[in-house]
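Trainee: Before we start, here is the structure in question, set down as structure tokens.
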Amino acid sequence: MKKFWFLLYNIFIIHELYFLFSIASLFNDKIKRGFIERKRQNSKLIKKFEKLDRNKKLIWFHSASLGEFEQAKPIIKKLREEQNVNILITFFSPSGYENSLKYPYADVIAYLPIDTVKSVNQFISIAKPNMIIFMRYDIWPNLIWELGNRNIPTMIVDATMHKNSKRKFPIIKNFHNSLYQNFAKILTVSEDDLNSFLDFDIDKNKLAVIGETRFDRVYQKSLLAKDKKLFREKLFEGKKVFVIGSSSEYDEIAVFPAFEKLLKNDPDCVLIIAPHEPNLITLEKIENTFSGIEKTIRFSSKNNYQGEKIIIIDSIGILLTLYYYADVVYVGGSFKEGVHNVLEPAVYGLPLVFGPKIEISREAQELVKRGGGKIVNNKKEAYRALRTLSSDSSERKRMGDICLEYVNENIGASDKIIEEIKIFLTN
């Protein structure tokens, strides 16, 4: 069946995808940059690889985008510290590639080649990898088949597979069988994921439950974040700080009225609002919402802080550090698209509140089950939850301890993955 899928993919599918990719590049600058760079990168790569010590083994990490690369970082850093190897990193998306060019633990950073037989063969022949590690899910047929033909070990880490995944649909499932059987190892996040992968007729010895490196990465980042001083020392002494992280207008409709009421009834509360998109329109809208109720100040004017109860964050990239100052966190996105990152506040041992849309986050679901996270469906429930957490320090501690325990339980996936990699490096 592999030959059938190879012919079908290369005759009817990949050329159509290449054509669509070419057309899209005419209208999307981001896609255009990636398309142009892929066309001319081989000559650059030849020069970069010539400078490497080829006596060292080359480990190739591939991530679809910046988010998946964040999960690769704990593995790469530890691998460089423990093993004398070269590291190649590839991305599918321009955002991942462009934002990672200065990453210090990589020897070569490149775009993943377009998945044609010719491009894939050229890239592999230039790189000569000893092993390739795919983060989560971004696998391409010709690349996988050719790596298999060359007997280059391949591994998926942080792998997930929903029991009702579309990859299990008739015909599509057979196609994925031809891909997954090429992998030397698939390291899953959970036992459920492992069992779900077994539906693809994969040798069970090639599967192992390792956990998720996102916990390691969030923990590492939190240690660095604690050293950043966003606010002067003791600014919030004697106060209870509530942080709304990555809020959207849908969150604001539900929780802003609850916070308004809370601020009126509890003079010791401070609210820090970090909107998901802190553009001028959003910032002014939030200021207008609280106009006449409480004074607000933007983060960029923090040096002029005079005890305002509402601080509006007008910059990006500081949310993890903001959580360091919090006593309670509301995690946004959970009334529309789906809840945002709950691990970032959980790593500080904070009680969490969020809306009902948590299906995309197994971490949020687990924290609700354990009692460290609380779902609110409307402004009445939001006020009730926030009021309880404001007035009951023992409840804050109880929920926060549950969140911290959950994170601590799941730290260490990177170490386990490194051990799996070592097995292939020594063969």
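Residues are referred to by chain and number: the chain letter is A, B, ... according to the order shown in the structure tokens, the number counts from 1 in that chain, and ligands are numbered separately from 1 in the order shown.
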For Lys206 of chain A, find every residue with an atom within 7 Å (counting only C-alpha atoms), except residues of its own chain fewer than 3 positions away, and show them as an MDAnalysis selection string.

Mentor: chainID A and resid 184:186 203

Trainee: Set out as a Markdown table a contact list for segment 354-410 of chain A and segment 247-269 of chain A with a cut-off of 10 Å, giving each residue of segment 354-410 of chain A that qualifies its closest atom pair and distance in Å to one decimal, counting only C-alpha atoms, ordered by chain and rising residue number.

Mentor:
```
| residue | atom | partner | partner_atom | distance |
| --- | --- | --- | --- | --- |
| A:Phe354 | CA | A:Asp251 | CA | 8.8 |
| A:Gly355 | CA | A:Asp251 | CA | 7.6 |
| A:Val376 | CA | A:Ala254 | CA | 9.0 |
| A:Asn377 | CA | A:Ala254 | CA | 8.1 |
| A:Asn378 | CA | A:Ala254 | CA | 5.6 |
| A:Lys379 | CA | A:Ala254 | CA | 4.8 |
| A:Lys380 | CA | A:Ala258 | CA | 7.0 |
| A:Glu381 | CA | A:Ala258 | CA | 8.5 |
| A:Ala382 | CA | A:Ala258 | CA | 5.9 |
| A:Tyr383 | CA | A:Ala258 | CA | 4.4 |
| A:Arg384 | CA | A:Ala258 | CA | 8.2 |
| A:Ala385 | CA | A:Ala258 | CA | 9.3 |
| A:Leu386 | CA | A:Leu262 | CA | 7.5 |
| A:Arg387 | CA | A:Leu262 | CA | 6.5 |
| A:Ser390 | CA | A:Cys269 | CA | 7.8 |
| A:Ser391 | CA | A:Asp266 | CA | 8.6 |
```

Trainee: For the selection just defined, write its residues with N, CA, C and O atoms to a file, as a PDB file, in the first residue's frame.

Mentor:
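The file below, part-v6.pdb, is the result:
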```
ATOM      1  N   PHE A 354     -11.922  30.520  34.791  1.00  0.00           N
ATOM      2  CA  PHE A 354     -12.064  30.708  33.342  1.00  0.00           C
ATOM      3  C   PHE A 354     -13.482  30.375  32.928  1.00  0.00           C
ATOM      4  O   PHE A 354     -14.274  29.835  33.712  1.00  0.00           O
ATOM      5  N   GLY A 355     -13.819  30.749  31.683  1.00  0.00           N
ATOM      6  CA  GLY A 355     -15.135  30.484  31.134  1.00  0.00           C
ATOM      7  C   GLY A 355     -15.318  29.034  30.735  1.00  0.00           C
ATOM      8  O   GLY A 355     -14.441  28.190  31.000  1.00  0.00           O
ATOM      9  N   VAL A 376     -16.729  29.467  35.192  1.00  0.00           N
ATOM     10  CA  VAL A 376     -17.865  30.379  35.399  1.00  0.00           C
ATOM     11  C   VAL A 376     -18.568  30.573  34.057  1.00  0.00           C
ATOM     12  O   VAL A 376     -17.917  30.717  33.030  1.00  0.00           O
ATOM     13  N   ASN A 377     -19.883  30.538  34.080  1.00  0.00           N
ATOM     14  CA  ASN A 377     -20.662  30.599  32.837  1.00  0.00           C
ATOM     15  C   ASN A 377     -21.286  31.958  32.575  1.00  0.00           C
ATOM     16  O   ASN A 377     -21.777  32.208  31.474  1.00  0.00           O
ATOM     17  N   ASN A 378     -21.282  32.831  33.558  1.00  0.00           N
ATOM     18  CA  ASN A 378     -21.894  34.156  33.399  1.00  0.00           C
ATOM     19  C   ASN A 378     -21.350  35.086  34.473  1.00  0.00           C
ATOM     20  O   ASN A 378     -20.548  34.680  35.333  1.00  0.00           O
ATOM     21  N   LYS A 379     -21.797  36.362  34.442  1.00  0.00           N
ATOM     22  CA  LYS A 379     -21.230  37.350  35.362  1.00  0.00           C
ATOM     23  C   LYS A 379     -21.596  37.081  36.818  1.00  0.00           C
ATOM     24  O   LYS A 379     -20.814  37.393  37.724  1.00  0.00           O
ATOM     25  N   LYS A 380     -22.770  36.450  37.065  1.00  0.00           N
ATOM     26  CA  LYS A 380     -23.148  36.122  38.445  1.00  0.00           C
ATOM     27  C   LYS A 380     -22.219  35.067  39.023  1.00  0.00           C
ATOM     28  O   LYS A 380     -21.740  35.185  40.154  1.00  0.00           O
ATOM     29  N   GLU A 381     -21.957  34.035  38.231  1.00  0.00           N
ATOM     30  CA  GLU A 381     -21.042  32.990  38.688  1.00  0.00           C
ATOM     31  C   GLU A 381     -19.625  33.536  38.831  1.00  0.00           C
ATOM     32  O   GLU A 381     -18.878  33.140  39.743  1.00  0.00           O
ATOM     33  N   ALA A 382     -19.259  34.439  37.920  1.00  0.00           N
ATOM     34  CA  ALA A 382     -17.925  35.036  37.984  1.00  0.00           C
ATOM     35  C   ALA A 382     -17.758  35.823  39.275  1.00  0.00           C
ATOM     36  O   ALA A 382     -16.733  35.700  39.966  1.00  0.00           O
ATOM     37  N   TYR A 383     -18.753  36.621  39.622  1.00  0.00           N
ATOM     38  CA  TYR A 383     -18.648  37.412  40.849  1.00  0.00           C
ATOM     39  C   TYR A 383     -18.588  36.510  42.076  1.00  0.00           C
ATOM     40  O   TYR A 383     -17.791  36.729  42.990  1.00  0.00           O
ATOM     41  N   ARG A 384     -19.405  35.472  42.083  1.00  0.00           N
ATOM     42  CA  ARG A 384     -19.428  34.561  43.222  1.00  0.00           C
ATOM     43  C   ARG A 384     -18.055  33.911  43.425  1.00  0.00           C
ATOM     44  O   ARG A 384     -17.555  33.816  44.554  1.00  0.00           O
ATOM     45  N   ALA A 385     -17.459  33.471  42.322  1.00  0.00           N
ATOM     46  CA  ALA A 385     -16.152  32.825  42.411  1.00  0.00           C
ATOM     47  C   ALA A 385     -15.070  33.814  42.839  1.00  0.00           C
ATOM     48  O   ALA A 385     -14.240  33.507  43.714  1.00  0.00           O
ATOM     49  N   LEU A 386     -15.085  34.997  42.244  1.00  0.00           N
ATOM     50  CA  LEU A 386     -14.067  35.989  42.558  1.00  0.00           C
ATOM     51  C   LEU A 386     -14.213  36.512  43.981  1.00  0.00           C
ATOM     52  O   LEU A 386     -13.217  36.752  44.672  1.00  0.00           O
ATOM     53  N   ARG A 387     -15.446  36.684  44.423  1.00  0.00           N
ATOM     54  CA  ARG A 387     -15.698  37.153  45.784  1.00  0.00           C
ATOM     55  C   ARG A 387     -15.192  36.133  46.806  1.00  0.00           C
ATOM     56  O   ARG A 387     -14.563  36.495  47.813  1.00  0.00           O
ATOM     57  N   SER A 390     -11.475  36.251  46.880  1.00  0.00           N
ATOM     58  CA  SER A 390     -11.020  37.499  47.469  1.00  0.00           C
ATOM     59  C   SER A 390     -11.076  37.454  48.990  1.00  0.00           C
ATOM     60  O   SER A 390     -10.168  37.929  49.681  1.00  0.00           O
ATOM     61  N   SER A 391     -12.123  36.854  49.519  1.00  0.00           N
ATOM     62  CA  SER A 391     -12.357  36.889  50.968  1.00  0.00           C
ATOM     63  C   SER A 391     -11.804  35.685  51.722  1.00  0.00           C
ATOM     64  O   SER A 391     -11.607  35.749  52.932  1.00  0.00           O
TER      65      SER A 391
END
```

Trainee: Residues within 8 Å of segment 173-176 of chain A, please, as a list in words. Count only C-alpha atoms; anything in the same chain fewer than 4 positions from it doesn't count.

Mentor: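 Listed by chain and then number, they are Trp5, Arg167, Lys168, Phe169, Tyr180 and Phe200 of chain A.
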
Trainee: Restrict the calculation to only C-alpha atoms, then for each residue of segment 239-348 of chain A with any atom at most 7 Å from an atom of segment 221-232 of chain A give the closest atom pair and their distance in Å to one decimal, rows by chain and rising residue number, as JSON lines.

Mentor:
```
{"residue": "A:Leu320", "atom": "CA", "partner": "A:Ala225", "partner_atom": "CA", "distance": 6.7}
{"residue": "A:Thr321", "atom": "CA", "partner": "A:Ala225", "partner_atom": "CA", "distance": 4.9}
{"residue": "A:Tyr324", "atom": "CA", "partner": "A:Lys226", "partner_atom": "CA", "distance": 6.7}
```

Trainee: Would you mind telling me which residue in A:Asn408, A:Ser246, A:Asn177, A:Thr188 lies nearest to Tyr323 of chain A when using only C-alpha atoms?

Mentor: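 Residue with the minimum atom-to-atom distance to Tyr323 of chain A: A:Ser246.
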
Trainee: Excluding segment 236-243 of chain A and any residue of its chain fewer than 3 positions from it, enumerate the residues within 7 Å of it, using only C-alpha atoms, and give them as a list in words.

Mentor: Asp268, Cys269, Val270, Leu271, Ile272, Ile273, Tyr323, Tyr325, Ala326, Asp327, Val328, Val329 and Tyr330 of chain A

Trainee: The selected residues should be written to file as a compact mmCIF listing (two decimals), in the first residue's frame (atoms: N, CA, C and O atoms).

Mentor:
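Now in result07.txt:
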```
# COMPACT_ATOMS: atom_id res chain seq x y z
N ASP A 268 -9.29 46.41 49.03
CA ASP A 268 -7.91 45.92 48.96
C ASP A 268 -7.57 45.23 47.64
O ASP A 268 -6.48 44.67 47.49
N CYS A 269 -8.50 45.23 46.70
CA CYS A 269 -8.29 44.54 45.42
C CYS A 269 -7.65 45.46 44.39
O CYS A 269 -7.96 46.65 44.31
N VAL A 270 -6.76 44.88 43.60
CA VAL A 270 -6.18 45.54 42.43
C VAL A 270 -6.40 44.62 41.23
O VAL A 270 -6.21 43.41 41.32
N LEU A 271 -6.82 45.21 40.12
CA LEU A 271 -7.09 44.43 38.90
C LEU A 271 -6.08 44.80 37.82
O LEU A 271 -5.93 45.97 37.47
N ILE A 272 -5.39 43.79 37.29
CA ILE A 272 -4.47 43.98 36.17
C ILE A 272 -5.08 43.28 34.95
O ILE A 272 -5.33 42.08 34.98
N ILE A 273 -5.33 44.06 33.89
CA ILE A 273 -5.97 43.52 32.69
C ILE A 273 -4.94 43.45 31.56
O ILE A 273 -4.37 44.47 31.17
N TYR A 323 1.93 37.22 36.02
CA TYR A 323 1.31 36.24 36.92
C TYR A 323 2.09 36.12 38.23
O TYR A 323 1.52 35.71 39.25
N TYR A 325 2.92 38.41 40.12
CA TYR A 325 2.38 39.37 41.07
C TYR A 325 0.94 39.05 41.50
O TYR A 325 0.38 39.72 42.36
N ALA A 326 0.36 38.02 40.91
CA ALA A 326 -1.06 37.75 41.10
C ALA A 326 -1.35 36.93 42.35
O ALA A 326 -0.50 36.18 42.85
N ASP A 327 -2.57 37.10 42.85
CA ASP A 327 -3.14 36.22 43.87
C ASP A 327 -4.20 35.30 43.27
O ASP A 327 -4.39 34.19 43.74
N VAL A 328 -4.89 35.79 42.24
CA VAL A 328 -5.92 35.04 41.53
C VAL A 328 -5.82 35.39 40.05
O VAL A 328 -5.54 36.55 39.70
N VAL A 329 -6.06 34.41 39.17
CA VAL A 329 -5.97 34.66 37.73
C VAL A 329 -7.24 34.20 37.04
O VAL A 329 -7.73 33.09 37.29
N TYR A 330 -7.75 35.08 36.17
CA TYR A 330 -8.79 34.68 35.22
C TYR A 330 -8.11 34.52 33.87
O TYR A 330 -7.45 35.45 33.38
```

Trainee: So which bits of segment 196-402 of chain A end up alpha helix (DSSP H) when you DSSP the backbone, as a short mmCIF file (atom, residue, chain, number, x, y, z; two decimals) with N, CA and C atoms, in the first residue's frame?

Mentor:
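The resulting file, out.cif, is shown below:
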```cif
data_model
loop_
_atom_site.label_atom_id
_atom_site.label_comp_id
_atom_site.auth_asym_id
_atom_site.auth_seq_id
_atom_site.Cartn_x
_atom_site.Cartn_y
_atom_site.Cartn_z
N SER A 196 -4.75 5.34 21.44
CA SER A 196 -5.35 5.83 20.21
C SER A 196 -4.43 5.61 19.01
N PHE A 197 -3.12 5.74 19.22
CA PHE A 197 -2.16 5.47 18.15
C PHE A 197 -2.15 4.00 17.75
N ARG A 214 5.80 20.87 27.53
CA ARG A 214 5.30 22.23 27.81
C ARG A 214 5.45 22.56 29.30
N PHE A 215 5.29 21.56 30.15
CA PHE A 215 5.44 21.78 31.58
C PHE A 215 6.87 22.20 31.91
N ASP A 216 7.84 21.51 31.29
CA ASP A 216 9.24 21.86 31.52
C ASP A 216 9.54 23.27 31.04
N ARG A 217 9.01 23.61 29.88
CA ARG A 217 9.28 24.92 29.31
C ARG A 217 8.66 26.04 30.14
N VAL A 218 7.43 25.86 30.57
CA VAL A 218 6.78 26.87 31.40
C VAL A 218 7.52 27.04 32.72
N TYR A 219 7.97 25.93 33.29
CA TYR A 219 8.72 26.01 34.55
C TYR A 219 10.03 26.78 34.34
N GLN A 220 10.76 26.47 33.28
CA GLN A 220 12.01 27.18 32.99
C GLN A 220 11.77 28.67 32.82
N LYS A 221 10.74 29.01 32.07
CA LYS A 221 10.44 30.42 31.80
C LYS A 221 10.01 31.15 33.07
N SER A 222 9.31 30.44 33.95
CA SER A 222 8.85 31.08 35.19
C SER A 222 10.03 31.46 36.08
N LEU A 223 11.09 30.64 36.07
CA LEU A 223 12.27 30.96 36.88
C LEU A 223 12.94 32.24 36.38
N LEU A 224 12.99 32.39 35.06
CA LEU A 224 13.56 33.61 34.48
C LEU A 224 12.66 34.81 34.72
N ALA A 225 11.34 34.57 34.64
CA ALA A 225 10.37 35.66 34.79
C ALA A 225 10.42 36.28 36.18
N GLU A 249 -13.05 40.45 24.00
CA GLU A 249 -14.28 41.17 24.31
C GLU A 249 -15.35 40.26 24.92
N TYR A 250 -15.32 38.98 24.57
CA TYR A 250 -16.31 38.04 25.10
C TYR A 250 -16.05 37.76 26.58
N ASP A 251 -14.78 37.68 26.96
CA ASP A 251 -14.45 37.54 28.38
C ASP A 251 -14.87 38.80 29.13
N GLU A 252 -14.59 39.94 28.53
CA GLU A 252 -14.84 41.21 29.20
C GLU A 252 -16.32 41.42 29.47
N ILE A 253 -17.16 40.99 28.55
CA ILE A 253 -18.61 41.11 28.76
C ILE A 253 -19.05 40.32 29.99
N ALA A 254 -18.45 39.17 30.19
CA ALA A 254 -18.85 38.29 31.29
C ALA A 254 -18.21 38.65 32.62
N VAL A 255 -16.91 39.03 32.58
CA VAL A 255 -16.21 39.17 33.87
C VAL A 255 -15.99 40.61 34.31
N PHE A 256 -16.01 41.57 33.40
CA PHE A 256 -15.81 42.96 33.84
C PHE A 256 -16.87 43.41 34.85
N PRO A 257 -18.17 43.11 34.62
CA PRO A 257 -19.17 43.50 35.63
C PRO A 257 -18.90 42.86 36.99
N ALA A 258 -18.39 41.63 36.98
CA ALA A 258 -18.07 40.95 38.24
C ALA A 258 -16.92 41.66 38.94
N PHE A 259 -15.92 42.08 38.18
CA PHE A 259 -14.80 42.79 38.79
C PHE A 259 -15.20 44.18 39.27
N GLU A 260 -16.07 44.83 38.54
CA GLU A 260 -16.57 46.14 38.98
C GLU A 260 -17.19 46.03 40.37
N LYS A 261 -18.03 45.04 40.53
CA LYS A 261 -18.71 44.82 41.81
C LYS A 261 -17.71 44.44 42.90
N LEU A 262 -16.75 43.62 42.53
CA LEU A 262 -15.74 43.19 43.50
C LEU A 262 -14.92 44.38 43.99
N LEU A 263 -14.52 45.26 43.08
CA LEU A 263 -13.72 46.42 43.45
C LEU A 263 -14.48 47.37 44.37
N LYS A 264 -15.78 47.44 44.19
CA LYS A 264 -16.61 48.29 45.05
C LYS A 264 -16.68 47.72 46.47
N ASN A 265 -16.75 46.40 46.57
CA ASN A 265 -16.98 45.76 47.87
C ASN A 265 -15.69 45.38 48.61
N LEU A 280 -4.82 50.09 20.24
CA LEU A 280 -5.35 51.35 20.78
C LEU A 280 -6.86 51.29 21.00
N ILE A 281 -7.57 50.69 20.06
CA ILE A 281 -9.02 50.61 20.18
C ILE A 281 -9.42 49.78 21.41
N THR A 282 -8.75 48.66 21.60
CA THR A 282 -9.05 47.79 22.75
C THR A 282 -8.75 48.49 24.06
N LEU A 283 -7.60 49.16 24.13
CA LEU A 283 -7.21 49.85 25.36
C LEU A 283 -8.21 50.94 25.73
N GLU A 284 -8.62 51.72 24.74
CA GLU A 284 -9.57 52.80 25.00
C GLU A 284 -10.94 52.26 25.40
N LYS A 285 -11.32 51.14 24.80
CA LYS A 285 -12.60 50.52 25.15
C LYS A 285 -12.60 50.06 26.60
N ILE A 286 -11.51 49.47 27.04
CA ILE A 286 -11.42 49.02 28.44
C ILE A 286 -11.45 50.23 29.38
N GLU A 287 -10.74 51.29 29.02
CA GLU A 287 -10.73 52.50 29.85
C GLU A 287 -12.13 53.09 29.94
N ASN A 288 -12.84 53.10 28.84
CA ASN A 288 -14.20 53.64 28.84
C ASN A 288 -15.15 52.79 29.67
N THR A 289 -14.91 51.48 29.68
CA THR A 289 -15.77 50.58 30.46
C THR A 289 -15.72 50.93 31.94
N PHE A 290 -14.53 51.26 32.43
CA PHE A 290 -14.38 51.54 33.86
C PHE A 290 -14.44 53.03 34.18
N LEU A 319 3.19 38.53 29.99
CA LEU A 319 2.10 37.92 30.74
C LEU A 319 2.61 36.94 31.80
N LEU A 320 3.57 36.09 31.43
CA LEU A 320 4.09 35.12 32.39
C LEU A 320 4.67 35.82 33.62
N THR A 321 5.34 36.94 33.41
CA THR A 321 5.91 37.69 34.53
C THR A 321 4.81 38.37 35.34
N LEU A 322 3.76 38.82 34.68
CA LEU A 322 2.64 39.45 35.40
C LEU A 322 2.02 38.49 36.41
N LEU A 343 -1.20 26.85 32.06
CA LEU A 343 0.00 26.41 32.76
C LEU A 343 0.83 27.58 33.27
N GLU A 344 0.82 28.69 32.53
CA GLU A 344 1.65 29.83 32.93
C GLU A 344 1.27 30.38 34.30
N PRO A 345 -0.01 30.55 34.60
CA PRO A 345 -0.34 30.95 35.98
C PRO A 345 -0.27 29.78 36.97
N ALA A 346 -0.57 28.57 36.50
CA ALA A 346 -0.55 27.40 37.40
C ALA A 346 0.83 27.15 37.98
N ARG A 362 -6.53 20.17 27.71
CA ARG A 362 -6.63 19.06 28.67
C ARG A 362 -6.13 19.49 30.04
N GLU A 363 -5.21 20.49 30.07
CA GLU A 363 -4.72 20.98 31.36
C GLU A 363 -5.84 21.67 32.14
N ALA A 364 -6.61 22.51 31.44
CA ALA A 364 -7.73 23.19 32.11
C ALA A 364 -8.76 22.17 32.61
N GLN A 365 -9.04 21.18 31.78
CA GLN A 365 -9.99 20.15 32.18
C GLN A 365 -9.51 19.40 33.42
N GLU A 366 -8.22 19.08 33.44
CA GLU A 366 -7.67 18.34 34.58
C GLU A 366 -7.69 19.19 35.85
N LEU A 367 -7.40 20.48 35.71
CA LEU A 367 -7.39 21.35 36.88
C LEU A 367 -8.80 21.56 37.43
N VAL A 368 -9.78 21.59 36.57
CA VAL A 368 -11.17 21.65 37.04
C VAL A 368 -11.51 20.37 37.80
N LYS A 369 -11.12 19.24 37.25
CA LYS A 369 -11.40 17.95 37.87
C LYS A 369 -10.76 17.86 39.26
N ARG A 370 -9.55 18.40 39.36
CA ARG A 370 -8.82 18.32 40.64
C ARG A 370 -9.27 19.38 41.65
N LYS A 379 -21.80 36.36 34.44
CA LYS A 379 -21.23 37.35 35.36
C LYS A 379 -21.60 37.08 36.82
N LYS A 380 -22.77 36.45 37.06
CA LYS A 380 -23.15 36.12 38.45
C LYS A 380 -22.22 35.07 39.02
N GLU A 381 -21.96 34.04 38.23
CA GLU A 381 -21.04 32.99 38.69
C GLU A 381 -19.62 33.54 38.83
N ALA A 382 -19.26 34.44 37.92
CA ALA A 382 -17.93 35.04 37.98
C ALA A 382 -17.76 35.82 39.27
N TYR A 383 -18.75 36.62 39.62
CA TYR A 383 -18.65 37.41 40.85
C TYR A 383 -18.59 36.51 42.08
N ARG A 384 -19.40 35.47 42.08
CA ARG A 384 -19.43 34.56 43.22
C ARG A 384 -18.06 33.91 43.43
N ALA A 385 -17.46 33.47 42.32
CA ALA A 385 -16.15 32.83 42.41
C ALA A 385 -15.07 33.81 42.84
N LEU A 386 -15.09 35.00 42.24
CA LEU A 386 -14.07 35.99 42.56
C LEU A 386 -14.21 36.51 43.98
N ARG A 387 -15.45 36.68 44.42
CA ARG A 387 -15.70 37.15 45.78
C ARG A 387 -15.19 36.13 46.81
N THR A 388 -15.43 34.86 46.54
CA THR A 388 -14.95 33.80 47.44
C THR A 388 -13.43 33.82 47.53
N LEU A 389 -12.79 33.92 46.37
CA LEU A 389 -11.33 33.90 46.34
C LEU A 389 -10.73 35.17 46.94
N SER A 390 -11.48 36.25 46.88
CA SER A 390 -11.02 37.50 47.47
C SER A 390 -11.08 37.45 48.99
N SER A 391 -12.12 36.85 49.52
CA SER A 391 -12.36 36.89 50.97
C SER A 391 -11.80 35.68 51.72
N SER A 393 -8.75 33.33 52.11
CA SER A 393 -7.35 33.04 51.80
C SER A 393 -7.06 31.55 51.81
N SER A 394 -7.78 30.79 52.64
CA SER A 394 -7.56 29.34 52.67
C SER A 394 -8.00 28.68 51.37
N GLU A 395 -9.06 29.20 50.77
CA GLU A 395 -9.52 28.67 49.48
C GLU A 395 -8.54 29.03 48.37
N ARG A 396 -8.00 30.23 48.43
CA ARG A 396 -6.97 30.61 47.46
C ARG A 396 -5.79 29.66 47.54
N LYS A 397 -5.37 29.38 48.76
CA LYS A 397 -4.22 28.49 48.95
C LYS A 397 -4.54 27.07 48.52
N ARG A 398 -5.72 26.59 48.85
CA ARG A 398 -6.11 25.23 48.49
C ARG A 398 -6.07 25.04 46.98
N MET A 399 -6.72 25.95 46.23
CA MET A 399 -6.75 25.84 44.78
C MET A 399 -5.37 26.04 44.18
N GLY A 400 -4.63 27.00 44.71
CA GLY A 400 -3.29 27.26 44.19
C GLY A 400 -2.35 26.08 44.38
N ASP A 401 -2.44 25.44 45.54
CA ASP A 401 -1.60 24.27 45.82
C ASP A 401 -1.90 23.13 44.85
N ILE A 402 -3.17 22.98 44.50
CA ILE A 402 -3.57 21.93 43.54
C ILE A 402 -2.93 22.20 42.18
#
```

Trainee: Using only C-alpha atoms, determine which residues lie at most 10 Å from Gly148 of chain A, disregarding the query and same-chain residues fewer than 4 positions distant; provide the list as a PyMOL selection string.

Mentor: chain A and resi 142-144+152-154+179+181-184

Trainee: What gap, in Å, lies between atom CA of His162 of chain A and atom CA of Asp199 of chain A?

Mentor: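 About the pair atom CA of His162 of chain A and atom CA of Asp199 of chain A: they are 11.0 Å apart.
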
Trainee: Rank nothing, just name the residue among A:Val353, A:Ala274, A:Leu17, A:Ile126 nearest to Cys403 of chain A, using only C-alpha atoms.

Mentor: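 Of all the options, A:Val353 lies closest to Cys403 of chain A.
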
Trainee: At a cut-off of 10 Å, using only C-alpha atoms, what residues contact Arg38 of chain A? Leave out same-chain residues fewer than 5 positions from it and give the result as a count of residues only.

Mentor: 8

Trainee: Considering only C-alpha atoms, state which residue in the set A:Asn130, A:Gln122, A:Ser25, A:Asn55 is at the smallest distance from Thr426 of chain A.

Mentor: A:Asn130

Trainee: Using only C-alpha atoms, find the one residue out of A:Leu88, A:Met155, A:Glu409, A:Ile293 that sits nearest to Ile423 of chain A.

Mentor: A:Met155

Trainee: From the list A:Ile36, A:Ser95, A:Leu26, A:Ile109, which residue is nearest Lys48 of chain A when using only C-alpha atoms?

Mentor: A:Ile109

Trainee: Residues of segment 11-178 of chain A classed as strand (DSSP E or B) by DSSP on the backbone are to be reported as a list in words.

Mentor: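 Selection result, strand (DSSP E or B) within segment 11-178 of chain A: Lys57, Leu58, Ile59, Trp60, Phe61, His62, Ser63, Val85, Asn86, Ile87, Leu88, Ile89, Thr90, Phe91, Val108, Ile109, Ala110, Tyr111, Met131, Ile132, Ile133, Phe134, Met135, Thr154, Met155, Ile156, Val157, Asp158 and Ala159 of chain A.
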
Trainee: Find the spatial neighbours of segment 56-71 of chain A, counting only C-alpha atoms, within a cut-off of 10 Å - ignore same-chain residues fewer than 6 positions away - and output them as a PyMOL selection string.

Mentor: chain A and resi 79+83-100+106-112+127-139+154-158+212-218+414+421+425

Trainee: May I ask for the distance between atom CA of Ile14 of chain A and atom CA of Lys163 of chain A, given in Å to one decimal place?

Mentor: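 Separating atom CA of Ile14 of chain A from atom CA of Lys163 of chain A is a distance of 27.5 Å.
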